[in-house]
$ cat entry_1.txt   # compact mmCIF, C-alpha atoms and all ligand atoms
# COMPACT_ATOMS: atom_id res chain seq x y z
CA MET X 1 77.20 137.96 66.01
CA LYS X 2 74.86 140.83 66.75
CA ILE X 3 71.65 139.68 68.46
CA GLU X 4 68.76 141.86 67.33
CA ILE X 5 65.95 142.16 69.88
CA ILE X 6 62.94 144.30 68.97
CA ASP X 7 61.26 146.05 71.90
CA PHE X 8 57.59 146.44 71.10
CA ASP X 9 55.57 149.47 72.06
CA ILE X 10 53.00 148.33 74.65
CA LYS X 11 49.57 149.92 74.69
CA GLY X 12 48.32 149.50 78.21
CA ASP X 13 45.55 150.76 80.39
CA GLU X 14 43.52 149.56 83.36
CA ARG X 15 42.19 146.66 81.21
CA GLY X 16 45.58 145.17 80.40
CA PHE X 17 47.97 145.30 77.47
CA LEU X 18 48.04 145.25 73.67
CA ILE X 19 50.89 145.06 71.19
CA ALA X 20 50.40 145.70 67.46
CA LEU X 21 52.76 144.19 64.88
CA GLU X 22 53.02 145.93 61.51
CA GLU X 23 55.03 144.97 58.44
CA ASN X 24 57.95 147.24 57.66
CA LYS X 25 57.35 149.12 60.90
CA ASN X 26 58.15 147.17 64.07
CA ILE X 27 58.48 144.01 61.93
CA PRO X 28 61.35 144.84 59.56
CA PHE X 29 60.13 143.07 56.42
CA ASP X 30 57.08 142.33 54.26
CA LEU X 31 54.96 139.90 56.26
CA LYS X 32 53.90 136.84 54.25
CA ARG X 33 53.28 134.14 56.87
CA ILE X 34 52.55 133.64 60.56
CA TYR X 35 52.84 130.37 62.45
CA TYR X 36 53.04 129.39 66.07
CA ILE X 37 54.61 126.52 67.95
CA PHE X 38 52.93 125.18 71.06
CA GLY X 39 52.59 121.97 73.06
CA THR X 40 56.26 121.13 72.56
CA LYS X 41 57.14 118.11 74.69
CA GLU X 42 59.72 118.12 77.47
CA ASN X 43 63.41 117.85 76.45
CA ILE X 44 62.59 118.37 72.76
CA ARG X 45 64.83 120.48 70.53
CA ARG X 46 63.36 121.89 67.33
CA GLY X 47 64.75 123.84 64.42
CA PHE X 48 68.21 122.56 63.46
CA HIS X 49 68.32 124.54 60.23
CA ALA X 50 69.12 127.86 58.62
CA HIS X 51 67.16 129.58 55.87
CA LYS X 52 68.62 130.73 52.58
CA GLN X 53 66.33 133.74 52.14
CA LEU X 54 63.77 133.81 54.94
CA ASN X 55 63.85 136.47 57.67
CA GLN X 56 61.75 135.90 60.77
CA VAL X 57 60.79 137.44 64.12
CA ALA X 58 60.08 135.04 67.01
CA ILE X 59 57.93 136.20 69.92
CA CYS X 60 57.23 134.11 72.99
CA LEU X 61 53.58 134.88 73.74
CA SER X 62 53.38 132.59 76.77
CA GLY X 63 55.86 130.63 78.90
CA SER X 64 59.46 130.46 77.77
CA CYS X 65 61.98 128.70 75.56
CA LYS X 66 65.56 129.21 74.48
CA MET X 67 66.91 129.88 71.01
CA LEU X 68 70.43 128.97 69.98
CA MET X 69 71.64 131.22 67.18
CA ASP X 70 74.72 130.31 65.17
CA ASP X 71 76.12 132.39 62.31
CA GLY X 72 78.86 129.88 61.59
CA VAL X 73 81.37 131.94 63.60
CA GLU X 74 79.84 132.02 67.06
CA LYS X 75 76.84 130.63 68.90
CA LYS X 76 74.61 132.56 71.27
CA THR X 77 71.67 131.34 73.35
CA ILE X 78 68.78 133.72 74.00
CA LEU X 79 65.98 133.22 76.49
CA LEU X 80 62.58 134.09 75.04
CA ASP X 81 60.15 134.69 77.90
CA THR X 82 58.17 137.81 77.13
CA PRO X 83 55.55 138.92 74.57
CA GLU X 84 57.06 142.40 74.82
CA GLN X 85 60.09 141.59 72.65
CA GLY X 86 60.81 139.86 69.36
CA LEU X 87 63.99 138.11 68.31
CA LEU X 88 65.03 138.77 64.72
CA ILE X 89 66.26 135.59 63.02
CA ARG X 90 67.89 136.70 59.81
CA LYS X 91 68.56 134.42 56.87
CA MET X 92 71.64 132.18 57.13
CA ILE X 93 71.45 131.88 60.92
CA TRP X 94 71.43 128.28 62.12
CA HIS X 95 68.87 128.08 64.94
CA GLU X 96 67.66 125.54 67.46
CA MET X 97 64.87 125.95 70.02
CA PHE X 98 64.91 124.08 73.33
CA ASP X 99 63.93 124.19 77.03
CA PHE X 100 60.29 124.82 76.14
CA SER X 101 58.05 125.37 79.17
CA LYS X 102 54.77 123.43 79.04
CA ASP X 103 52.82 126.63 78.41
CA CYS X 104 55.18 127.99 75.75
CA VAL X 105 53.53 129.52 72.70
CA LEU X 106 56.14 130.75 70.22
CA LEU X 107 54.75 133.02 67.53
CA VAL X 108 56.86 133.43 64.39
CA LEU X 109 56.38 136.10 61.73
CA ALA X 110 57.97 135.24 58.41
CA SER X 111 58.98 137.23 55.34
CA GLU X 112 58.17 134.45 52.83
CA LEU X 113 55.63 131.71 52.28
CA TYR X 114 56.57 128.20 53.38
CA ASP X 115 59.19 126.65 51.08
CA GLU X 116 61.06 123.50 52.09
CA ASN X 117 63.74 124.36 49.46
CA ASP X 118 64.68 127.41 51.52
CA TYR X 119 65.84 125.21 54.44
CA ILE X 120 69.46 124.20 55.00
CA ARG X 121 69.07 121.23 57.34
CA ASP X 122 72.64 119.88 57.02
CA TYR X 123 74.96 121.65 59.51
CA ASN X 124 78.09 120.79 57.51
CA LYS X 125 76.56 122.33 54.41
CA PHE X 126 75.61 125.43 56.44
CA ILE X 127 79.20 125.76 57.68
CA ARG X 128 80.57 125.28 54.15
CA LEU X 129 78.32 128.08 52.89
CA THR X 130 79.28 130.45 55.73
CA ARG X 131 82.99 129.61 55.27
CA LYS X 132 82.69 131.06 51.76
CA ASN X 133 82.12 134.39 53.51
CA GLY X 134 85.15 133.89 55.78
CA VAL X 135 84.82 132.22 59.17
CA LYS X 136 87.49 131.99 61.86
CA ASN X 137 86.24 130.26 64.99
CA ASN X 138 83.14 128.91 66.72
CA GLU X 139 82.62 130.11 70.27
CA THR X 140 79.54 129.90 72.51
CA THR X 141 77.95 132.72 74.54
CA THR X 142 74.80 132.70 76.65
CA ILE X 143 72.63 135.84 76.93
CA TRP X 144 69.73 136.41 79.28
C1 LIG X 201 61.88 127.98 61.83
C2 LIG X 201 61.61 127.64 63.25
C3 LIG X 201 61.72 128.81 64.17
C4 LIG X 201 54.37 123.92 57.18
O1 LIG X 201 53.68 123.14 56.50
N1 LIG X 201 54.24 125.27 57.03
C5 LIG X 201 54.98 126.16 57.74
O2 LIG X 201 54.81 127.38 57.56
C6 LIG X 201 55.91 125.65 58.71
C7 LIG X 201 56.74 126.61 59.54
C8 LIG X 201 56.03 124.29 58.85
N2 LIG X 201 55.27 123.44 58.11
C9 LIG X 201 55.38 122.01 58.32
C10 LIG X 201 56.71 121.37 57.97
C11 LIG X 201 56.81 120.21 58.93
O3 LIG X 201 56.13 119.09 58.39
O4 LIG X 201 55.22 121.76 59.73
C12 LIG X 201 56.04 120.69 60.15
C13 LIG X 201 56.95 121.14 61.31
O5 LIG X 201 57.91 122.06 60.81
P1 LIG X 201 59.45 122.05 61.26
O6 LIG X 201 59.87 120.67 61.57
O7 LIG X 201 60.25 122.78 60.24
O8 LIG X 201 59.34 122.89 62.63
P2 LIG X 201 60.53 123.51 63.50
O9 LIG X 201 59.93 123.88 64.79
O10 LIG X 201 61.73 122.66 63.51
O11 LIG X 201 60.95 124.86 62.69
C14 LIG X 201 60.02 125.92 62.56
C15 LIG X 201 60.02 126.47 61.13
O12 LIG X 201 59.77 125.40 60.20
C16 LIG X 201 61.32 127.12 60.76
O13 LIG X 201 61.19 127.84 59.55
O14 LIG X 201 62.69 128.85 61.55
O15 LIG X 201 60.34 126.98 63.45

$ encode --input "entry_1.txt" --output "structure tokens"
Amino acid sequence: MKIEIIDFDIKGDERGFLIALEENKNIPFDLKRIYYIFGTKENIRRGFHAHKQLNQVAICLSGSCKMLMDDGVEKKTILLDTPEQGLLIRKMIWHEMFDFSKDCVLLVLASELYDENDYIRDYNKFIRLTRKNGVKNNETTTIW
């Protein structure tokens, strides 16, 4: 599985830094929704789903967390700990977030409005759907 990290252009001067996010420029889709996750309790894992159509970019604005990405063939874990990069979570990627630091603020930019019907929350169903596209094995890699 190819992990797609977007390096944002940082505007900086003696006052500090600024990053601008623009649809179909550094965010590779039409932007329909923004949400952010914060105050996640210790030892909590979130996510546990894939999306049928939704594409997203996750940016850790403060603190850190980890994102497990699973395309049904292999699993990779990515550390999110900088506002300077975004992680592209394409549709049909099972993802789980964990190891949230107390100060973690995870911003997520989404290509569609909220729709519970777009979620695949059953892992076996997710695997069945990915198997249709041909899946061989399920190995785990850690990146950071
Ligand atoms: C995802 C990962 C990265 C809404 O009402 N509107 C929204 O736009 C969202 C995202 C959620 N909700 C409601 C649905 C639940 O009652 O907020 C509650 C918590 O959502 P959920 O349990 O799905 O949160 P996570 O952290 O497991 O997953 C979220 C996103 O839902 C999901 O799309 O990819 O973050």

$ residues_around --input "entry_1.txt" --residues "region 89-101 of chain X" --least-positions-apart "2" --cutoff "7 Å" --atoms "only C-alpha atoms" --output "PyMOL selection string"
chain X and resi 40+42-57+63-71+87+103-104

$ residues_near_point --input "entry_1.txt" --point "(63.1, 139.5, 64.0)" --cutoff "10 Å" --atoms "only C-alpha atoms" --output "JSON list (two decimals) with C-alpha atoms, keeping the file's coordinate frame"
[["chain", "number", "residue", "atom", "x", "y", "z"],
["X", 3, "ILE", "CA", 71.65, 139.68, 68.46],
["X", 4, "GLU", "CA", 68.76, 141.86, 67.33],
["X", 5, "ILE", "CA", 65.95, 142.16, 69.88],
["X", 6, "ILE", "CA", 62.94, 144.30, 68.97],
["X", 26, "ASN", "CA", 58.15, 147.17, 64.07],
["X", 27, "ILE", "CA", 58.48, 144.01, 61.93],
["X", 28, "PRO", "CA", 61.35, 144.84, 59.56],
["X", 29, "PHE", "CA", 60.13, 143.07, 56.42],
["X", 55, "ASN", "CA", 63.85, 136.47, 57.67],
["X", 56, "GLN", "CA", 61.75, 135.90, 60.77],
["X", 57, "VAL", "CA", 60.79, 137.44, 64.12],
["X", 58, "ALA", "CA", 60.08, 135.04, 67.01],
["X", 59, "ILE", "CA", 57.93, 136.20, 69.92],
["X", 85, "GLN", "CA", 60.09, 141.59, 72.65],
["X", 86, "GLY", "CA", 60.81, 139.86, 69.36],
["X", 87, "LEU", "CA", 63.99, 138.11, 68.31],
["X", 88, "LEU", "CA", 65.03, 138.77, 64.72],
["X", 89, "ILE", "CA", 66.26, 135.59, 63.02],
["X", 90, "ARG", "CA", 67.89, 136.70, 59.81],
["X", 108, "VAL", "CA", 56.86, 133.43, 64.39],
["X", 109, "LEU", "CA", 56.38, 136.10, 61.73],
["X", 110, "ALA", "CA", 57.97, 135.24, 58.41],
["X", 111, "SER", "CA", 58.98, 137.23, 55.34]]

$ closest_residue --input "entry_1.txt" --among "X:Ile34, X:Ile10, X:Leu129, X:Ala20" --to "Tyr114 (chain X)" --atoms "all atoms listed in the file"
X:Ile34

$ atom_distance --input "entry_1.txt" --atom1 "atom O11 of ligand LIG 201 (chain X)" --atom2 "CA of Leu21 (chain X)"
21.1 Å

$ atom_distance --input "entry_1.txt" --atom1 "CA of Arg128 (chain X)" --atom2 "CA of Glu74 (chain X)"
14.6 Å

$ atom_distance --input "entry_1.txt" --atom1 "atom C13 of ligand LIG 201 (chain X)" --atom2 "CA of Phe8 (chain X)"
27.1 Å

$ closest_residue --input "entry_1.txt" --among "X:Leu106, X:Ile127, X:Glu23, X:Ser62" --to "ligand LIG 201 (chain X)" --atoms "all atoms listed in the file"
X:Leu106

$ residues_around --input "entry_1.txt" --residues "Lys11 (chain X)" --least-positions-apart "4" --cutoff "12 Å" --atoms "all atoms listed in the file" --output "PyMOL selection string"
chain X and resi 15-21+84

$ axis_aligned_box --input "entry_1.txt" --around "ligand LIG 201 (chain X)" --padding-each-side "6 Å" --output "JSON"
{"center_x": 58.2, "center_y": 124.0, "center_z": 60.6, "size_x": 21.0, "size_y": 21.8, "size_z": 20.3}

$ closest_residue --input "entry_1.txt" --among "X:Lys32, X:Lys25, X:Lys132, X:Lys76" --to "ligand LIG 201 (chain X)" --atoms "only C-alpha atoms and all ligand atoms"
X:Lys32

$ closest_residue --input "entry_1.txt" --among "X:Lys125, X:Lys102, X:Lys41, X:Arg33" --to "ligand LIG 201 (chain X)" --atoms "all atoms listed in the file"
X:Arg33

$ closest_residue --input "entry_1.txt" --among "X:Ile37, X:Cys60, X:Leu31, X:Ile78" --to "ligand LIG 201 (chain X)" --atoms "only C-alpha atoms and all ligand atoms"
X:Ile37
